[in-house]
Amino acid sequence: MEDLIVLTDEDGQEVEFELLDLIEYQGEEYAVLYPAEGGEDELVHILRVVAEDLDEEEARYEGLEDQELIEAVYRIFRKRNGLS
């Protein structure tokens, strides 16, 4: 079964994503997500996990601006998942 999460975009629209992996990097956790309705040309999204409420099974995420950080997390994701 896929791990699906629903996020709300900047326009207030709910978008469903498949959680591909959680990566720990430099003491922080990052979620690697893929749009559930995405086509073959769709890119993965990498967001920082900023808060988790395990009792409520909820998490909060924030986007990343640092391209080097995004690439570093993506390299770890590719290596862990045999995509290198």
# chains A, B, ... in the order shown; residues from 1 in each chain; ligands from 1
call {"tool": "residues_around", "arguments": {"residues": "Gly63 of chain A", "least_positions_apart": "5", "cutoff": "10 Å", "atoms": "only C-alpha atoms", "output": "PDB file with N, CA and C atoms, in the first residue's frame"}}
result
ATOM      1  N   TYR A  30      13.581  15.147   6.110  1.00  0.00           N
ATOM      2  CA  TYR A  30      13.008  15.643   4.862  1.00  0.00           C
ATOM      3  C   TYR A  30      12.130  14.566   4.243  1.00  0.00           C
ATOM      4  N   HIS A  45       9.106  16.202  -4.994  1.00  0.00           N
ATOM      5  CA  HIS A  45       9.139  17.390  -4.152  1.00  0.00           C
ATOM      6  C   HIS A  45       9.831  17.002  -2.856  1.00  0.00           C
ATOM      7  N   ILE A  46      10.715  17.859  -2.371  1.00  0.00           N
ATOM      8  CA  ILE A  46      11.410  17.612  -1.115  1.00  0.00           C
ATOM      9  C   ILE A  46      11.041  18.726  -0.154  1.00  0.00           C
ATOM     10  N   LEU A  47      10.466  18.327   0.980  1.00  0.00           N
ATOM     11  CA  LEU A  47      10.031  19.285   1.992  1.00  0.00           C
ATOM     12  C   LEU A  47      10.655  18.928   3.333  1.00  0.00           C
ATOM     13  N   ARG A  48      10.944  19.945   4.132  1.00  0.00           N
ATOM     14  CA  ARG A  48      11.455  19.720   5.489  1.00  0.00           C
ATOM     15  C   ARG A  48      10.277  19.394   6.396  1.00  0.00           C
ATOM     16  N   VAL A  49      10.437  18.354   7.226  1.00  0.00           N
ATOM     17  CA  VAL A  49       9.428  18.022   8.230  1.00  0.00           C
ATOM     18  C   VAL A  49       9.712  18.934   9.419  1.00  0.00           C
ATOM     19  N   ILE A  70      18.536  20.835  -1.397  1.00  0.00           N
ATOM     20  CA  ILE A  70      17.618  19.982  -2.156  1.00  0.00           C
ATOM     21  C   ILE A  70      18.397  18.893  -2.895  1.00  0.00           C
TER      22      ILE A  70
END
call {"tool": "residues_around", "arguments": {"residues": "Leu19 of chain A", "least_positions_apart": "2", "cutoff": "10 Å", "atoms": "only C-alpha atoms", "output": "list of chain:residue names"}}
result
A:Glu2, A:Asp3, A:Leu4, A:Ile5, A:Glu16, A:Phe17, A:Asp21, A:Leu22, A:Ala31, A:Val32, A:Leu33, A:Tyr34, A:Pro35, A:Ala36, A:Val44, A:His45
call {"tool": "write_last_selection", "arguments": {"atoms": "N, CA and C atoms", "output": "PDB file, in the first residue's frame"}}
result
ATOM      1  N   GLU A   2       0.454   2.240  -0.749  1.00  0.00           N
ATOM      2  CA  GLU A   2       1.186   3.486  -0.836  1.00  0.00           C
ATOM      3  C   GLU A   2       0.930   4.331   0.408  1.00  0.00           C
ATOM      4  N   ASP A   3       1.936   5.122   0.801  1.00  0.00           N
ATOM      5  CA  ASP A   3       1.762   6.093   1.869  1.00  0.00           C
ATOM      6  C   ASP A   3       1.338   7.393   1.218  1.00  0.00           C
ATOM      7  N   LEU A   4       0.072   7.758   1.362  1.00  0.00           N
ATOM      8  CA  LEU A   4      -0.443   8.975   0.764  1.00  0.00           C
ATOM      9  C   LEU A   4      -0.660  10.039   1.827  1.00  0.00           C
ATOM     10  N   ILE A   5      -0.287  11.259   1.494  1.00  0.00           N
ATOM     11  CA  ILE A   5      -0.549  12.386   2.372  1.00  0.00           C
ATOM     12  C   ILE A   5      -1.209  13.482   1.541  1.00  0.00           C
ATOM     13  N   GLU A  16      -2.836  15.529  -3.266  1.00  0.00           N
ATOM     14  CA  GLU A  16      -2.432  14.253  -2.695  1.00  0.00           C
ATOM     15  C   GLU A  16      -1.050  13.875  -3.224  1.00  0.00           C
ATOM     16  N   PHE A  17      -0.180  13.452  -2.303  1.00  0.00           N
ATOM     17  CA  PHE A  17       1.174  13.041  -2.643  1.00  0.00           C
ATOM     18  C   PHE A  17       1.447  11.649  -2.109  1.00  0.00           C
ATOM     19  N   ASP A  21       9.894   8.559   0.601  1.00  0.00           N
ATOM     20  CA  ASP A  21      10.936   8.271   1.576  1.00  0.00           C
ATOM     21  C   ASP A  21      11.040   9.429   2.567  1.00  0.00           C
ATOM     22  N   LEU A  22      11.582   9.129   3.738  1.00  0.00           N
ATOM     23  CA  LEU A  22      11.957  10.148   4.714  1.00  0.00           C
ATOM     24  C   LEU A  22      13.466  10.073   4.861  1.00  0.00           C
ATOM     25  N   ALA A  31      11.005  14.992   3.712  1.00  0.00           N
ATOM     26  CA  ALA A  31      10.083  14.079   3.042  1.00  0.00           C
ATOM     27  C   ALA A  31      10.285  14.210   1.535  1.00  0.00           C
ATOM     28  N   VAL A  32      10.410  13.061   0.869  1.00  0.00           N
ATOM     29  CA  VAL A  32      10.497  13.036  -0.592  1.00  0.00           C
ATOM     30  C   VAL A  32       9.120  12.602  -1.083  1.00  0.00           C
ATOM     31  N   LEU A  33       8.462  13.495  -1.808  1.00  0.00           N
ATOM     32  CA  LEU A  33       7.069  13.297  -2.213  1.00  0.00           C
ATOM     33  C   LEU A  33       6.924  13.308  -3.727  1.00  0.00           C
ATOM     34  N   TYR A  34       5.909  12.587  -4.192  1.00  0.00           N
ATOM     35  CA  TYR A  34       5.585  12.559  -5.615  1.00  0.00           C
ATOM     36  C   TYR A  34       4.080  12.755  -5.751  1.00  0.00           C
ATOM     37  N   PRO A  35       3.639  13.670  -6.615  1.00  0.00           N
ATOM     38  CA  PRO A  35       2.196  13.892  -6.762  1.00  0.00           C
ATOM     39  C   PRO A  35       1.467  12.608  -7.150  1.00  0.00           C
ATOM     40  N   ALA A  36       0.421  12.272  -6.416  1.00  0.00           N
ATOM     41  CA  ALA A  36      -0.319  11.034  -6.659  1.00  0.00           C
ATOM     42  C   ALA A  36      -0.899  11.014  -8.070  1.00  0.00           C
ATOM     43  N   VAL A  44       9.913  15.013  -8.275  1.00  0.00           N
ATOM     44  CA  VAL A  44       9.653  14.788  -6.861  1.00  0.00           C
ATOM     45  C   VAL A  44       9.741  16.129  -6.142  1.00  0.00           C
ATOM     46  N   HIS A  45       9.106  16.202  -4.994  1.00  0.00           N
ATOM     47  CA  HIS A  45       9.139  17.390  -4.152  1.00  0.00           C
ATOM     48  C   HIS A  45       9.831  17.002  -2.856  1.00  0.00           C
TER      49      HIS A  45
END
call {"tool": "select_by_dssp", "arguments": {"residues": "chain A", "states": "helix (DSSP H, G or I)", "output": "list in words"}}
result
Gln67, Glu68, Leu69, Ile70, Glu71, Ala72, Val73, Tyr74, Arg75, Ile76, Phe77, Arg78, Lys79 and Arg80 of chain A
call {"tool": "select_by_dssp", "arguments": {"residues": "chain A", "states": "strand (DSSP E)", "output": "ChimeraX atom specification"}}
result
/A:4-8,14-25,28-35,45-53,58-62
